[in-house]
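Notes follow once the structure below has been shown.
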Amino acid sequence: FRMDVLPDDLWVLVSDFLQSPTPCNICHRTRTLLQGRHCVYRSPLRQSTLPGTAEQLRNHGAAMCVLDIRCDDVGDAGASVLASVISTAVSLHTLRIALRGNSISDTGAESLASLSFAPSLRTLVLDLTANHIGPHGSQVLAQGLQRAPALQQLELYLSGNPIRDLGAEGLAALGRCERLQSLILALGACQLGPLTGHTLGTLTQGHSLRSLTLYLSWNPFGPQWARDFVPQSGRACSQRLDTLNLCLSGCGLGDQGAMALAKLKAGASLRELTIDISSNNVGDAGAISLATTHRSPSLQCLSLDLAANPDVVFGEKLLRESAKARPRDTVFVDQSGGGWLQE
């Protein structure tokens with residue numbers, strides 16, 4: 001097999017499909033053609049290695065299309081350095097940057113907002129779990145990402161930060177991004193309160209969102225949060241939204257909250273619905289109400305997690321019977337968390 005038979009544009013397609021620097025190492029020709037196009041850093045960057053890495057990224061310049069990078073304790077200063085370099089990468093379309101537990105505060109979050117200046121960025125995975133980002137930092141970050149002209153897929157992980165209600169209000173504005181089709185937003189243990197139900201419910205009305213995943217576990221919501229969230233989702237859901245995933249473990253929703261979430265079946269466009277309501281003191285009344293969710297005519301796949309709700313007895317039986325009555329692509333999780341229920 002002769003490498004020189006393949007034209008340059010085919011090598012570029014292969015490299016982009018793999019999203020890996022591996023083809024660059026095949027021969028001298030591919031190295032010249034593909035070097036710097038896909039940058040993957042397997043070892044975490046530290047403060048001592050960051051300046052050299054930043055210089056490498058600057059040298060790649062317009063060639064860089066994919067960047068996958070992890071950092072270890074780089075702080076606000078490191079986040080600022082990375083953001084300043086990445087924001088000038090004119091061809092960058094996919095960025096995965098892990099800054100989990102890096103002591104990043106509002107200052108670092110403000111710097112990361114400039115990632116939106118990368119004009120070709122379509123996919124962004126930004127992990128800021130377990131830092132020190134508050135309401136102001138999360139608001140500025142959301143405002144910046146809203147301005148990203150080409151952003152279509154966003155995964156933003158902010159669990160373990162003191163975002164609070166004001167920060168959630170700013171993040172909810174991400175639903176207004178003109179081109180955004182898929183959003184994963186993780187806000188577990190972010191000190192969010194019941195008033196964020198209506199705020200986060202507006203995300204389901206996004207102009208172009210087709211898939212929405214919210215990780216909201218271990219926030220003290222209570223049943224009122226669910227009652228405020230569902231009217232936005234069930235009655236005014238965007239006609240484009242077909243996949244909704246809610247992780248609400250340990251949020252104190254109880255039976256009243258479960259009953260409110262059951263009204264999600266009114267979302268006429270939803271094809272896939274996942275609700276994790278484990279560890280919420282849900283009893284039979286709430287479980288039976290959730291079991292009626294499968295009656296939505298548009299739903300093709302339904303997943304319910306009722307693990308660690310010891311008061312569910314009869315409700316679990318009803319869920320099992322519902323699973324038998326539904327098509328093969330409808331799935332339930334049993335009350336004990338012991339396995340999937342599927343026909």
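By order in the structure tokens, chains are A, B, ...; within a chain, residues start at 1; ligands start at 1, following the order shown.
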
DSSP strand (DSSP E or B) residues within region 60-155 of chain A, as a ChimeraX atom specification: /A:66-71,94-98,123-127,153-155

Just the residues within 12 Å of Ala262 (chain A), please, counting only C-alpha atoms, with nothing from its chain fewer than 2 positions along; format it as a VMD selection string. chain A and resid 226 to 227 229 to 231 233 to 234 255 to 260 264 to 267 273 to 275 277 285 to 296 302 304

Name all residues at most 12 Å from Pro220 (chain A) (count only C-alpha atoms; drop same-chain ones fewer than 2 positions away) and give them as a list in words. Arg164, Asp165, Gly188, Ala189, Cys190, Gln191, Leu192, Gly193, Pro194, Leu195, Thr196, Gly197, Leu216, Ser217, Trp218, Gly222, Pro223, Gln224, Trp225, Ala226, Leu248, Ser249, Gly250, Cys251, Gly252, Leu253, Gly254 and Asn280 of chain A

I need the chosen residues saved as a PDB file, in the first residue's frame, with C-alpha atoms.
```
ATOM      1  CA  ARG A 164     -26.503  29.895  43.659  1.00  0.00           C
ATOM      2  CA  ASP A 165     -29.761  31.132  42.164  1.00  0.00           C
ATOM      3  CA  GLY A 188     -25.038  19.436  41.139  1.00  0.00           C
ATOM      4  CA  ALA A 189     -24.493  20.699  44.704  1.00  0.00           C
ATOM      5  CA  CYS A 190     -24.356  24.320  43.548  1.00  0.00           C
ATOM      6  CA  GLN A 191     -26.503  25.742  46.374  1.00  0.00           C
ATOM      7  CA  LEU A 192     -29.489  26.233  44.094  1.00  0.00           C
ATOM      8  CA  GLY A 193     -32.889  26.826  45.674  1.00  0.00           C
ATOM      9  CA  PRO A 194     -36.575  26.278  44.788  1.00  0.00           C
ATOM     10  CA  LEU A 195     -36.798  29.531  42.836  1.00  0.00           C
ATOM     11  CA  THR A 196     -34.573  28.149  40.071  1.00  0.00           C
ATOM     12  CA  GLY A 197     -37.377  25.859  38.849  1.00  0.00           C
ATOM     13  CA  LEU A 216     -29.012  19.002  39.268  1.00  0.00           C
ATOM     14  CA  SER A 217     -28.541  16.479  42.078  1.00  0.00           C
ATOM     15  CA  TRP A 218     -28.089  17.448  45.731  1.00  0.00           C
ATOM     16  CA  GLY A 222     -38.260  20.647  47.332  1.00  0.00           C
ATOM     17  CA  PRO A 223     -41.527  19.944  45.449  1.00  0.00           C
ATOM     18  CA  GLN A 224     -42.101  23.595  44.493  1.00  0.00           C
ATOM     19  CA  TRP A 225     -39.095  23.464  42.149  1.00  0.00           C
ATOM     20  CA  ALA A 226     -40.715  20.685  40.112  1.00  0.00           C
ATOM     21  CA  LEU A 248     -32.540  15.167  40.328  1.00  0.00           C
ATOM     22  CA  SER A 249     -31.153  12.742  42.875  1.00  0.00           C
ATOM     23  CA  GLY A 250     -31.342  13.927  46.487  1.00  0.00           C
ATOM     24  CA  CYS A 251     -33.323  17.111  45.841  1.00  0.00           C
ATOM     25  CA  GLY A 252     -36.130  16.554  48.372  1.00  0.00           C
ATOM     26  CA  LEU A 253     -38.892  16.434  45.752  1.00  0.00           C
ATOM     27  CA  GLY A 254     -41.127  13.891  47.486  1.00  0.00           C
ATOM     28  CA  ASN A 280     -36.097  11.858  47.041  1.00  0.00           C
TER      29      ASN A 280
END
```

For Ser138 (chain A), list every protein, DNA or RNA residue within 8 Å, evaluated using only C-alpha atoms, and leave out those in the same chain fewer than 4 positions away; present the list as an MDAnalysis selection string. chainID A and resid 106 109 133:134 142 163 167:168 170:171

The selected residues should be written to file as a tab-separated table (two decimals), in the first residue's frame (atoms: all heavy atoms).
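Result saved to result-v9.tsv:
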```tsv
chain	number	residue	atom	x	y	z
A	106	ASP	N	-14.06	33.41	40.12
A	106	ASP	CA	-14.77	34.22	39.14
A	106	ASP	C	-13.80	34.83	38.12
A	106	ASP	O	-14.14	34.99	36.94
A	106	ASP	CB	-15.54	35.34	39.84
A	106	ASP	CG	-16.79	34.83	40.54
A	106	ASP	OD1	-17.14	33.65	40.36
A	106	ASP	OD2	-17.41	35.61	41.29
A	109	ALA	N	-13.11	32.30	35.47
A	109	ALA	CA	-14.30	32.09	34.65
A	109	ALA	C	-14.49	33.23	33.65
A	109	ALA	O	-14.89	33.01	32.50
A	109	ALA	CB	-15.53	31.96	35.54
A	133	ILE	N	-16.16	29.05	41.63
A	133	ILE	CA	-16.86	29.99	40.76
A	133	ILE	C	-18.21	30.33	41.36
A	133	ILE	O	-19.00	29.44	41.70
A	133	ILE	CB	-17.04	29.39	39.36
A	133	ILE	CG1	-15.66	29.09	38.75
A	133	ILE	CG2	-17.81	30.33	38.45
A	133	ILE	CD1	-15.71	28.28	37.48
A	134	GLY	N	-18.48	31.61	41.52
A	134	GLY	CA	-19.73	32.07	42.13
A	134	GLY	C	-20.71	32.58	41.10
A	134	GLY	O	-20.54	32.39	39.89
A	142	ALA	N	-21.46	32.54	30.95
A	142	ALA	CA	-22.62	32.26	30.11
A	142	ALA	C	-22.81	33.34	29.05
A	142	ALA	O	-23.11	33.05	27.89
A	142	ALA	CB	-23.87	32.13	30.97
A	163	ILE	N	-22.66	28.41	42.74
A	163	ILE	CA	-23.31	29.17	41.67
A	163	ILE	C	-24.50	29.97	42.20
A	163	ILE	O	-24.73	31.11	41.82
A	163	ILE	CB	-23.78	28.21	40.55
A	163	ILE	CG1	-22.58	27.47	39.95
A	163	ILE	CG2	-24.54	28.96	39.48
A	163	ILE	CD1	-21.55	28.35	39.31
A	167	GLY	N	-26.54	32.81	39.72
A	167	GLY	CA	-25.72	32.21	38.68
A	167	GLY	C	-26.54	31.33	37.74
A	167	GLY	O	-26.33	31.33	36.52
A	168	ALA	N	-27.50	30.58	38.31
A	168	ALA	CA	-28.37	29.74	37.49
A	168	ALA	C	-29.18	30.58	36.51
A	168	ALA	O	-29.43	30.18	35.37
A	168	ALA	CB	-29.29	28.92	38.38
A	170	GLY	N	-28.23	33.33	35.09
A	170	GLY	CA	-27.37	33.67	33.96
A	170	GLY	C	-27.15	32.49	33.03
A	170	GLY	O	-27.16	32.64	31.81
A	171	LEU	N	-26.97	31.30	33.59
A	171	LEU	CA	-26.71	30.11	32.78
A	171	LEU	C	-27.93	29.71	31.96
A	171	LEU	O	-27.80	29.14	30.88
A	171	LEU	CB	-26.27	28.96	33.68
A	171	LEU	CG	-24.89	29.13	34.32
A	171	LEU	CD1	-24.70	28.14	35.46
A	171	LEU	CD2	-23.78	28.97	33.28
```

What's the 9 Å shell around region 62-69 of chain A, counting only C-alpha atoms, without same-chain residues fewer than 2 positions away, as a PyMOL selection string? chain A and resi 16+19-20+34-45+57-60+71+86+88-99+120-121

Determine, counting only C-alpha atoms, which protein, DNA and RNA residues have an atom within 8 Å of an atom of Ala148 (chain A); residues of the same chain fewer than 4 positions away are not included. Present the result as a PyMOL selection string. chain A and resi 115-119+121+144

Hey, what does DSSP flag as helix (DSSP H, G or I) within region 93-339 of chain A? Can you give it to me as a PyMOL selection string? chain A and resi 106-117+135-146+164-176+196-205+223-236+254-266+284-295+314-325

Which is closer to Leu241 (chain A) than all the others in A:Arg46, A:His136, A:Arg147, A:Arg271, using only C-alpha atoms? A:Arg271
